[in-house]
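Trainee: So I've got this file, query_5.cif, and it contains mmCIF, C-alpha atoms and all ligand atoms:
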```cif
data_query
loop_
_atom_site.label_atom_id
_atom_site.label_comp_id
_atom_site.auth_asym_id
_atom_site.auth_seq_id
_atom_site.Cartn_x
_atom_site.Cartn_y
_atom_site.Cartn_z
CA MET A 9 13.29 -29.97 -13.66
CA ASN A 10 9.53 -30.05 -13.12
CA LYS A 11 9.61 -28.10 -9.91
CA THR A 12 8.02 -24.86 -8.72
CA VAL A 13 10.32 -22.31 -7.10
CA ILE A 14 9.86 -18.85 -5.57
CA CYS A 15 11.95 -15.78 -6.43
CA PRO A 16 11.09 -13.31 -3.63
CA GLY A 17 12.06 -9.66 -3.36
CA SER A 18 11.01 -6.04 -3.05
CA PHE A 19 11.49 -5.31 -6.78
CA ASP A 20 11.24 -1.53 -6.21
CA PRO A 21 11.58 -1.45 -9.22
CA VAL A 22 12.58 -4.59 -11.16
CA THR A 23 16.09 -4.33 -12.64
CA LEU A 24 17.94 -6.24 -15.37
CA GLY A 25 19.69 -8.08 -12.51
CA HIS A 26 16.37 -9.41 -11.21
CA LEU A 27 15.27 -10.28 -14.75
CA ASP A 28 18.50 -12.21 -15.33
CA ILE A 29 17.88 -14.38 -12.23
CA ILE A 30 14.18 -14.92 -13.07
CA THR A 31 14.97 -15.82 -16.70
CA ARG A 32 17.65 -18.32 -15.74
CA ALA A 33 15.41 -19.87 -13.04
CA SER A 34 12.62 -20.21 -15.61
CA LYS A 35 14.93 -22.30 -17.80
CA MET A 36 15.95 -24.53 -14.89
CA PHE A 37 12.57 -25.13 -13.25
CA GLY A 38 9.02 -25.98 -14.31
CA LYS A 39 7.46 -22.87 -12.78
CA VAL A 40 8.80 -19.69 -11.19
CA ILE A 41 6.63 -17.68 -8.80
CA VAL A 42 7.99 -14.15 -8.48
CA ALA A 43 6.73 -12.98 -5.08
CA VAL A 44 6.68 -9.25 -4.33
CA LEU A 45 6.95 -8.36 -0.65
CA VAL A 46 4.05 -6.07 0.30
CA ASN A 47 5.26 -4.65 3.61
CA SER A 48 8.97 -4.27 3.20
CA GLY A 49 9.21 -1.55 5.84
CA LYS A 50 11.22 0.26 3.18
CA ASN A 51 8.41 2.65 2.24
CA PRO A 52 8.54 1.59 -1.41
CA THR A 53 8.60 4.13 -4.24
CA PHE A 54 6.45 1.90 -6.47
CA SER A 55 3.19 0.51 -5.04
CA THR A 56 2.75 -3.26 -4.81
CA GLU A 57 0.45 -3.16 -7.88
CA GLU A 58 2.96 -1.07 -9.85
CA ARG A 59 5.84 -3.40 -8.94
CA MET A 60 3.77 -6.42 -9.98
CA GLU A 61 2.69 -4.76 -13.23
CA LEU A 62 6.30 -3.87 -14.14
CA LEU A 63 7.35 -7.47 -13.42
CA ARG A 64 4.46 -8.82 -15.54
CA GLU A 65 5.52 -6.67 -18.48
CA ALA A 66 9.22 -7.46 -18.05
CA THR A 67 8.59 -11.23 -17.94
CA ALA A 68 5.86 -11.32 -20.60
CA GLY A 69 7.94 -13.63 -22.82
CA LEU A 70 8.43 -16.22 -20.06
CA ASP A 71 5.45 -18.61 -20.07
CA ASN A 72 6.28 -20.42 -16.83
CA VAL A 73 6.67 -17.26 -14.71
CA GLU A 74 3.84 -16.06 -12.46
CA ILE A 75 3.82 -12.75 -10.58
CA THR A 76 2.25 -12.53 -7.15
CA SER A 77 2.66 -10.70 -3.83
CA PHE A 78 2.93 -11.78 -0.23
CA LYS A 79 2.73 -10.34 3.28
CA GLY A 80 4.44 -11.57 6.40
CA LEU A 81 7.03 -14.30 6.65
CA LEU A 82 8.43 -15.80 3.45
CA ALA A 83 8.79 -19.19 5.16
CA GLU A 84 5.07 -19.19 5.96
CA TYR A 85 4.13 -18.03 2.49
CA CYS A 86 6.15 -20.89 0.96
CA LYS A 87 4.46 -23.39 3.27
CA SER A 88 0.97 -22.15 2.43
CA SER A 89 1.78 -22.18 -1.31
CA GLY A 90 3.23 -25.70 -1.16
CA VAL A 91 6.60 -24.51 -2.48
CA ASP A 92 9.80 -25.77 -0.88
CA THR A 93 12.51 -23.97 -2.88
CA ILE A 94 13.59 -20.31 -2.93
CA VAL A 95 15.85 -19.02 -5.71
CA LYS A 96 17.90 -15.87 -5.09
CA GLY A 97 20.75 -14.08 -6.82
CA LEU A 98 24.14 -13.45 -5.24
CA ARG A 99 25.82 -10.37 -6.66
CA ALA A 100 28.98 -10.25 -4.58
CA VAL A 101 30.61 -11.61 -1.47
CA SER A 102 28.93 -8.74 0.41
CA ASP A 103 25.50 -10.31 -0.30
CA PHE A 104 26.60 -13.64 1.10
CA GLU A 105 26.42 -13.08 4.85
CA TYR A 106 22.95 -11.54 4.77
CA GLU A 107 21.62 -14.16 2.34
CA PHE A 108 23.18 -16.99 4.35
CA GLN A 109 21.49 -15.67 7.52
CA MET A 110 18.12 -15.42 5.77
CA ALA A 111 18.44 -18.92 4.29
CA LEU A 112 19.25 -20.40 7.72
CA ALA A 113 16.44 -18.48 9.47
CA ASN A 114 13.96 -19.55 6.79
CA LYS A 115 15.01 -23.17 7.21
CA LYS A 116 14.54 -22.96 10.98
CA LEU A 117 11.05 -21.56 10.43
CA ASN A 118 10.22 -24.11 7.73
CA PRO A 119 12.61 -27.11 7.70
CA GLN A 120 11.33 -28.26 4.27
CA LEU A 121 12.62 -25.07 2.69
CA GLU A 122 15.79 -25.00 0.56
CA THR A 123 17.42 -21.83 -0.80
CA ILE A 124 19.31 -22.01 -4.10
CA PHE A 125 21.64 -19.17 -5.12
CA LEU A 126 22.43 -18.24 -8.70
CA THR A 127 25.51 -16.13 -9.25
CA ALA A 128 24.50 -12.79 -10.72
CA ASP A 129 25.45 -11.96 -14.25
CA ALA A 130 28.74 -10.00 -14.33
CA ASP A 131 26.94 -6.91 -15.68
CA SER A 132 24.54 -6.90 -12.70
CA THR A 133 26.93 -7.24 -9.78
CA PHE A 134 26.86 -3.52 -9.01
CA LEU A 135 23.16 -3.06 -9.71
CA SER A 136 20.42 -2.43 -7.14
CA SER A 137 16.94 -0.97 -7.14
CA SER A 138 18.02 1.97 -4.96
CA MET A 139 20.73 2.84 -7.46
CA VAL A 140 18.15 2.82 -10.25
CA ARG A 141 15.83 5.02 -8.14
CA GLU A 142 18.58 7.53 -7.39
CA ILE A 143 19.93 7.82 -10.94
CA GLY A 144 16.42 7.87 -12.45
CA SER A 145 15.09 10.52 -10.08
CA MET A 146 18.02 12.80 -10.97
CA GLY A 147 17.39 12.46 -14.68
CA GLY A 148 20.24 10.04 -15.38
CA ASP A 149 20.14 7.33 -18.07
CA ILE A 150 18.86 4.03 -16.61
CA SER A 151 18.39 2.24 -19.94
CA ASN A 152 21.26 -0.18 -19.18
CA PHE A 153 19.81 -1.03 -15.78
CA VAL A 154 16.11 -1.82 -16.27
CA PRO A 155 14.21 -4.06 -18.74
CA ALA A 156 13.49 -2.20 -22.00
CA PRO A 157 9.69 -2.80 -22.03
CA VAL A 158 9.27 -1.04 -18.65
CA HIS A 159 12.00 1.61 -19.01
CA ASP A 160 9.68 4.50 -19.91
CA ARG A 161 7.20 3.78 -17.12
CA ILE A 162 9.97 3.64 -14.52
CA VAL A 163 11.54 6.88 -15.79
CA LYS A 164 8.18 8.67 -15.75
CA LYS A 165 7.45 7.66 -12.16
CA LEU A 166 10.95 8.47 -10.88
CA ARG A 167 11.02 11.91 -12.50
CA LYS A 168 7.78 12.78 -10.68
CA GLN A 169 9.44 12.06 -7.32
N1 LIG X 1 20.21 -7.99 -9.29
C1 LIG X 1 20.10 -6.70 -8.97
N2 LIG X 1 19.76 -6.27 -7.75
C2 LIG X 1 19.47 -7.20 -6.82
C3 LIG X 1 19.55 -8.57 -7.09
C4 LIG X 1 19.96 -8.95 -8.40
N3 LIG X 1 20.07 -10.24 -8.74
N4 LIG X 1 19.22 -9.24 -5.97
C5 LIG X 1 18.96 -8.32 -5.03
N5 LIG X 1 19.10 -7.09 -5.55
C6 LIG X 1 18.96 -5.82 -4.83
C7 LIG X 1 17.59 -5.27 -4.84
O1 LIG X 1 17.41 -4.48 -5.97
C8 LIG X 1 17.56 -4.47 -3.56
O2 LIG X 1 18.18 -3.22 -3.77
P1 LIG X 1 17.95 -1.98 -2.77
O3 LIG X 1 18.10 -2.47 -1.38
O4 LIG X 1 19.02 -1.07 -3.23
O5 LIG X 1 16.60 -1.44 -3.07
C9 LIG X 1 18.44 -5.26 -2.62
O6 LIG X 1 19.26 -6.04 -3.45
C10 LIG X 1 17.69 -6.12 -1.69
O7 LIG X 1 16.77 -6.85 -2.42
P2 LIG X 1 15.29 -7.08 -1.92
O8 LIG X 1 14.41 -7.21 -3.08
O9 LIG X 1 14.87 -6.08 -0.89
O10 LIG X 1 15.42 -8.50 -1.34
P3 LIG X 1 16.12 -9.02 -0.05
O11 LIG X 1 17.21 -9.90 -0.53
O12 LIG X 1 16.44 -7.96 0.93
O13 LIG X 1 14.95 -9.93 0.52
C11 LIG X 1 12.78 -10.71 0.91
C12 LIG X 1 13.63 -9.58 0.37
C13 LIG X 1 11.36 -10.46 0.44
C14 LIG X 1 13.23 -12.04 0.38
C15 LIG X 1 12.93 -10.72 2.45
O14 LIG X 1 12.91 -9.40 2.94
C16 LIG X 1 11.83 -11.49 3.10
O15 LIG X 1 11.78 -12.70 3.04
N6 LIG X 1 10.89 -10.77 3.76
C17 LIG X 1 9.71 -11.36 4.35
C18 LIG X 1 9.78 -11.31 5.88
C19 LIG X 1 10.58 -12.48 6.36
O16 LIG X 1 10.30 -13.62 6.10
N7 LIG X 1 11.61 -12.14 7.13
C20 LIG X 1 12.51 -13.11 7.67
C21 LIG X 1 13.55 -13.47 6.65
S1 LIG X 1 14.69 -14.59 7.34
#
```
Could you rewrite the structure in this file as structure tokens?
Ligand code: COA

Mentor:
Amino acid sequence: MNKTVICPGSFDPVTLGHLDIITRASKMFGKVIVAVLVNSGKNPTFSTEERMELLREATAGLDNVEITSFKGLLAEYCKSSGVDTIVKGLRAVSDFEYEFQMALANKKLNPQLETIFLTADADSTFLSSSMVREIGSMGGDISNFVPAPVHDRIVKKLRKQ
């Protein structure tokens, strides 16, 4: 489908779960804009530039994927970028209520906006960035959780924490 979609998130840091969703979206759509939230209010471990750089490296083989960042409301960012479709991953039923709320709120703010959910890969259903941060900062093995090309950079940063 020759359509541009947005995959938004904090990506603090990117995990194999995120990469799975981005890769599958890139096969389904003409262009995928991966949009990193600048002010997540979560006091991110990785700076916006670091998160974008890790995503660029992790998606280097995907020609139709572009990495960018945004501030403020996602619905407004989509409007100003001329994009009307958000793609997100659903890992488990527990994600559903929150994602459903966000999709409805975004549609109220920008009625043109649709949200499409891809079911997460079975290996990623338990995965989250905070889990990666916790295991990595305690010296645990995160090689099954983060993309291989950015593994060493993530480990180095987390061990400094
Ligand atoms: N695989 C692995 N982990 C995944 C995942 C997947 N497919 N999808 C989500 N996650 C994890 C993330 O790693 C993250 O883990 P953590 O909380 O342990 O660090 C967690 O799920 C939440 O993901 P996050 O990247 O923070 O995204 P989100 O679903 O909370 O939404 C935005 C982030 C950017 C889409 C949302 O906050 C937003 O739109 N903000 C802009 C402000 C705005 O418009 N607000 C109104 C919204 S209605």

Trainee: Region 139-148 of chain A: which residues within 10 Å, counting only C-alpha atoms, same-chain residues fewer than 6 positions away excluded, as a PyMOL selection string?

Mentor: chain A and resi 20-23+53+154+162-169

Trainee: Return as a tab-separated table the residues of chain A lying at most 7 Å from ligand LIG 1 (chain X), together with the closest atom-to-atom pair for each and the distance in Å to one decimal, counting all atoms listed in the file, with rows in chain order and ascending residue number.

Mentor:
```
residue	atom	partner	partner_atom	distance
A:Pro16	CA	X:LIG1	C14	4.7
A:Gly17	CA	X:LIG1	O8	3.4
A:Ser18	CA	X:LIG1	O8	3.6
A:Phe19	CA	X:LIG1	O8	5.1
A:Asp20	CA	X:LIG1	O5	6.2
A:Thr23	CA	X:LIG1	C1	5.9
A:Leu24	CA	X:LIG1	N1	6.7
A:Gly25	CA	X:LIG1	N1	3.3
A:His26	CA	X:LIG1	N1	4.5
A:Ile29	CA	X:LIG1	N3	5.8
A:Val44	CA	X:LIG1	C13	6.8
A:Leu45	CA	X:LIG1	C13	5.0
A:Ser48	CA	X:LIG1	O14	6.5
A:Gly80	CA	X:LIG1	C18	5.4
A:Leu81	CA	X:LIG1	O16	3.4
A:Leu82	CA	X:LIG1	O16	3.9
A:Ala83	CA	X:LIG1	O16	5.8
A:Lys96	CA	X:LIG1	N4	6.8
A:Gly97	CA	X:LIG1	N3	4.3
A:Leu98	CA	X:LIG1	N3	6.3
A:Arg99	CA	X:LIG1	N3	6.1
A:Glu107	CA	X:LIG1	O11	6.8
A:Gln109	CA	X:LIG1	S1	6.9
A:Met110	CA	X:LIG1	S1	3.9
A:Ala111	CA	X:LIG1	S1	6.5
A:Ala113	CA	X:LIG1	S1	4.8
A:Asn114	CA	X:LIG1	S1	5.0
A:Ala128	CA	X:LIG1	N3	5.5
A:Ser132	CA	X:LIG1	N1	5.6
A:Thr133	CA	X:LIG1	N1	6.8
A:Leu135	CA	X:LIG1	C1	4.8
A:Ser136	CA	X:LIG1	O1	3.8
A:Ser137	CA	X:LIG1	O1	3.7
A:Ser138	CA	X:LIG1	O4	3.6
A:Met139	CA	X:LIG1	O4	6.0
```

Trainee: What does the distance from CA of Gly90 (chain A) to CA of Lys39 (chain A) come to in Å, to one decimal?

Mentor: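 Going from CA of Gly90 (chain A) over to CA of Lys39 (chain A) covers 12.7 Å.
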
Trainee: As an exercise, work out the distance from CA of Ile41 (chain A) to CA of Ile14 (chain A) in Å and give it to one decimal place.

Mentor: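 CA of Ile14 (chain A) lies 4.7 Å from CA of Ile41 (chain A).
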
Trainee: Counting all atoms listed in the file, figure out which residue out of A:Ala156, A:Leu70, A:Val13, A:Val40 gets nearest to Glu122 (chain A).

Mentor: A:Val13

Trainee: Determine, counting only C-alpha atoms, which protein, DNA and RNA residues have an atom within 10 Å of an atom of Thr93 (chain A); residues of the same chain fewer than 4 positions away are not included. Present the result as a PyMOL selection string.

Mentor: chain A and resi 11-15+86+120-124

Trainee: Can you work out the spacing between CA of Glu65 (chain A) and CA of Val158 (chain A) in Å, to one decimal?

Mentor: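 Pair CA of Glu65 (chain A) / CA of Val158 (chain A) returns 6.8 Å.
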
Trainee: Counting all atoms listed in the file, which residue out of A:Ile30, A:Leu117, A:Leu126, A:Ala100 sits closest to Ala68 (chain A)?

Mentor: A:Ile30

Trainee: Please determine, counting all atoms listed in the file, which residue among A:Lys87, A:Thr67, A:Phe134, A:Met9 has the shortest atom-to-atom distance to Pro119 (chain A).

Mentor: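 Going through A:Lys87, A:Thr67, A:Phe134, A:Met9 one by one, the smallest distance to Pro119 (chain A) is for A:Lys87.
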
Trainee: Using only C-alpha atoms, which residue out of A:Asn10, A:Glu57, A:Lys50, A:Leu63 lies closest to Met36 (chain A)?

Mentor: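 Smallest distance to Met36 (chain A) is found for A:Asn10.
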
Trainee: Between A:Ala33, A:Ile94, A:Ala130, A:Ala66, which residue has the minimum interatomic distance to Pro155 (chain A), considering all atoms listed in the file?

Mentor: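 Looking only at the distances to Pro155 (chain A), the closest residue turns out to be A:Ala66.
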
Trainee: For Val73 (chain A), which residue among A:Leu27, A:Val95, A:Met60, A:Val42 is the nearest when counting all atoms listed in the file?

Mentor: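 Among the listed residues, A:Val42 lies closest to Val73 (chain A).
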
Trainee: Provide an axis-aligned box for all listed atoms of region 106-121 of chain A, padding each side by 8 Å; report its centre and its edge lengths in Å to one decimal, as lines of an AutoDock Vina configuration file.

Mentor:
```
center_x = 16.7
center_y = -19.9
center_z = 6.7
size_x = 29.0
size_y = 32.7
size_z = 24.6
```

Trainee: Since the input is missing atoms, can you rebuild N, CA, C and O atoms for region 117-142 of chain A and write them as a PDB file, keeping the file's coordinate frame?

Mentor:
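Result went into selection-v8.pdb, see below:
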```pdb
ATOM      1  N   LEU A 117      12.486 -21.808  10.380  1.00  0.00           N
ATOM      2  CA  LEU A 117      11.050 -21.560  10.430  1.00  0.00           C
ATOM      3  C   LEU A 117      10.262 -22.616   9.652  1.00  0.00           C
ATOM      4  O   LEU A 117       9.125 -22.932   9.984  1.00  0.00           O
ATOM      5  N   ASN A 118      10.885 -23.129   8.596  1.00  0.00           N
ATOM      6  CA  ASN A 118      10.220 -24.110   7.730  1.00  0.00           C
ATOM      7  C   ASN A 118      11.290 -25.096   7.249  1.00  0.00           C
ATOM      8  O   ASN A 118      11.946 -24.858   6.233  1.00  0.00           O
ATOM      9  N   PRO A 119      11.492 -26.193   7.986  1.00  0.00           N
ATOM     10  CA  PRO A 119      12.610 -27.110   7.700  1.00  0.00           C
ATOM     11  C   PRO A 119      12.573 -27.727   6.297  1.00  0.00           C
ATOM     12  O   PRO A 119      13.593 -28.246   5.827  1.00  0.00           O
ATOM     13  N   GLN A 120      11.409 -27.697   5.636  1.00  0.00           N
ATOM     14  CA  GLN A 120      11.330 -28.260   4.270  1.00  0.00           C
ATOM     15  C   GLN A 120      11.994 -27.349   3.246  1.00  0.00           C
ATOM     16  O   GLN A 120      12.246 -27.754   2.115  1.00  0.00           O
ATOM     17  N   LEU A 121      12.225 -26.102   3.652  1.00  0.00           N
ATOM     18  CA  LEU A 121      12.620 -25.070   2.690  1.00  0.00           C
ATOM     19  C   LEU A 121      14.113 -25.110   2.335  1.00  0.00           C
ATOM     20  O   LEU A 121      14.967 -25.143   3.209  1.00  0.00           O
ATOM     21  N   GLU A 122      14.402 -25.104   1.035  1.00  0.00           N
ATOM     22  CA  GLU A 122      15.790 -25.000   0.560  1.00  0.00           C
ATOM     23  C   GLU A 122      15.950 -23.653  -0.147  1.00  0.00           C
ATOM     24  O   GLU A 122      15.011 -23.174  -0.790  1.00  0.00           O
ATOM     25  N   THR A 123      17.138 -23.064  -0.048  1.00  0.00           N
ATOM     26  CA  THR A 123      17.420 -21.830  -0.800  1.00  0.00           C
ATOM     27  C   THR A 123      18.551 -22.119  -1.779  1.00  0.00           C
ATOM     28  O   THR A 123      19.608 -22.623  -1.387  1.00  0.00           O
ATOM     29  N   ILE A 124      18.297 -21.818  -3.046  1.00  0.00           N
ATOM     30  CA  ILE A 124      19.310 -22.010  -4.100  1.00  0.00           C
ATOM     31  C   ILE A 124      19.777 -20.635  -4.557  1.00  0.00           C
ATOM     32  O   ILE A 124      18.954 -19.744  -4.800  1.00  0.00           O
ATOM     33  N   PHE A 125      21.092 -20.456  -4.668  1.00  0.00           N
ATOM     34  CA  PHE A 125      21.640 -19.170  -5.120  1.00  0.00           C
ATOM     35  C   PHE A 125      22.198 -19.290  -6.531  1.00  0.00           C
ATOM     36  O   PHE A 125      22.945 -20.230  -6.833  1.00  0.00           O
ATOM     37  N   LEU A 126      21.828 -18.338  -7.364  1.00  0.00           N
ATOM     38  CA  LEU A 126      22.430 -18.240  -8.700  1.00  0.00           C
ATOM     39  C   LEU A 126      23.402 -17.073  -8.665  1.00  0.00           C
ATOM     40  O   LEU A 126      23.058 -16.001  -8.121  1.00  0.00           O
ATOM     41  N   THR A 127      24.577 -17.254  -9.223  1.00  0.00           N
ATOM     42  CA  THR A 127      25.510 -16.130  -9.250  1.00  0.00           C
ATOM     43  C   THR A 127      25.008 -15.107 -10.262  1.00  0.00           C
ATOM     44  O   THR A 127      24.623 -15.453 -11.379  1.00  0.00           O
ATOM     45  N   ALA A 128      25.000 -13.847  -9.838  1.00  0.00           N
ATOM     46  CA  ALA A 128      24.500 -12.790 -10.720  1.00  0.00           C
ATOM     47  C   ALA A 128      25.388 -12.671 -11.955  1.00  0.00           C
ATOM     48  O   ALA A 128      26.587 -12.953 -11.908  1.00  0.00           O
ATOM     49  N   ASP A 129      24.763 -12.264 -13.012  1.00  0.00           N
ATOM     50  CA  ASP A 129      25.450 -11.960 -14.250  1.00  0.00           C
ATOM     51  C   ASP A 129      26.507 -10.861 -13.965  1.00  0.00           C
ATOM     52  O   ASP A 129      26.251  -9.956 -13.158  1.00  0.00           O
ATOM     53  N   ALA A 130      27.658 -10.948 -14.611  1.00  0.00           N
ATOM     54  CA  ALA A 130      28.740 -10.000 -14.330  1.00  0.00           C
ATOM     55  C   ALA A 130      28.294  -8.539 -14.484  1.00  0.00           C
ATOM     56  O   ALA A 130      28.712  -7.663 -13.730  1.00  0.00           O
ATOM     57  N   ASP A 131      27.402  -8.286 -15.451  1.00  0.00           N
ATOM     58  CA  ASP A 131      26.940  -6.910 -15.680  1.00  0.00           C
ATOM     59  C   ASP A 131      26.026  -6.400 -14.573  1.00  0.00           C
ATOM     60  O   ASP A 131      25.705  -5.210 -14.526  1.00  0.00           O
ATOM     61  N   SER A 132      25.529  -7.306 -13.721  1.00  0.00           N
ATOM     62  CA  SER A 132      24.540  -6.900 -12.700  1.00  0.00           C
ATOM     63  C   SER A 132      25.127  -6.815 -11.303  1.00  0.00           C
ATOM     64  O   SER A 132      24.404  -6.494 -10.362  1.00  0.00           O
ATOM     65  N   THR A 133      26.406  -7.113 -11.149  1.00  0.00           N
ATOM     66  CA  THR A 133      26.930  -7.240  -9.780  1.00  0.00           C
ATOM     67  C   THR A 133      26.871  -5.925  -9.001  1.00  0.00           C
ATOM     68  O   THR A 133      26.817  -5.935  -7.791  1.00  0.00           O
ATOM     69  N   PHE A 134      26.877  -4.824  -9.694  1.00  0.00           N
ATOM     70  CA  PHE A 134      26.860  -3.520  -9.010  1.00  0.00           C
ATOM     71  C   PHE A 134      25.449  -2.954  -8.891  1.00  0.00           C
ATOM     72  O   PHE A 134      25.219  -1.939  -8.243  1.00  0.00           O
ATOM     73  N   LEU A 135      24.497  -3.633  -9.530  1.00  0.00           N
ATOM     74  CA  LEU A 135      23.160  -3.060  -9.710  1.00  0.00           C
ATOM     75  C   LEU A 135      22.258  -3.259  -8.505  1.00  0.00           C
ATOM     76  O   LEU A 135      22.304  -4.304  -7.856  1.00  0.00           O
ATOM     77  N   SER A 136      21.444  -2.256  -8.179  1.00  0.00           N
ATOM     78  CA  SER A 136      20.420  -2.430  -7.140  1.00  0.00           C
ATOM     79  C   SER A 136      19.245  -1.511  -7.481  1.00  0.00           C
ATOM     80  O   SER A 136      19.392  -0.553  -8.248  1.00  0.00           O
ATOM     81  N   SER A 137      18.118  -1.799  -6.879  1.00  0.00           N
ATOM     82  CA  SER A 137      16.940  -0.970  -7.140  1.00  0.00           C
ATOM     83  C   SER A 137      17.151   0.454  -6.635  1.00  0.00           C
ATOM     84  O   SER A 137      16.711   1.419  -7.265  1.00  0.00           O
ATOM     85  N   SER A 138      17.828   0.607  -5.483  1.00  0.00           N
ATOM     86  CA  SER A 138      18.020   1.970  -4.960  1.00  0.00           C
ATOM     87  C   SER A 138      18.921   2.793  -5.871  1.00  0.00           C
ATOM     88  O   SER A 138      18.734   3.998  -6.029  1.00  0.00           O
ATOM     89  N   MET A 139      19.873   2.117  -6.512  1.00  0.00           N
ATOM     90  CA  MET A 139      20.730   2.840  -7.460  1.00  0.00           C
ATOM     91  C   MET A 139      19.900   3.327  -8.659  1.00  0.00           C
ATOM     92  O   MET A 139      20.032   4.469  -9.107  1.00  0.00           O
ATOM     93  N   VAL A 140      19.026   2.447  -9.136  1.00  0.00           N
ATOM     94  CA  VAL A 140      18.150   2.820 -10.250  1.00  0.00           C
ATOM     95  C   VAL A 140      17.261   4.006  -9.843  1.00  0.00           C
ATOM     96  O   VAL A 140      17.100   4.975 -10.590  1.00  0.00           O
ATOM     97  N   ARG A 141      16.718   3.941  -8.611  1.00  0.00           N
ATOM     98  CA  ARG A 141      15.830   5.020  -8.140  1.00  0.00           C
ATOM     99  C   ARG A 141      16.595   6.342  -8.069  1.00  0.00           C
ATOM    100  O   ARG A 141      16.103   7.383  -8.492  1.00  0.00           O
ATOM    101  N   GLU A 142      17.813   6.295  -7.552  1.00  0.00           N
ATOM    102  CA  GLU A 142      18.580   7.530  -7.390  1.00  0.00           C
ATOM    103  C   GLU A 142      18.959   8.141  -8.740  1.00  0.00           C
ATOM    104  O   GLU A 142      18.732   9.330  -8.991  1.00  0.00           O
TER     105      GLU A 142
END
```
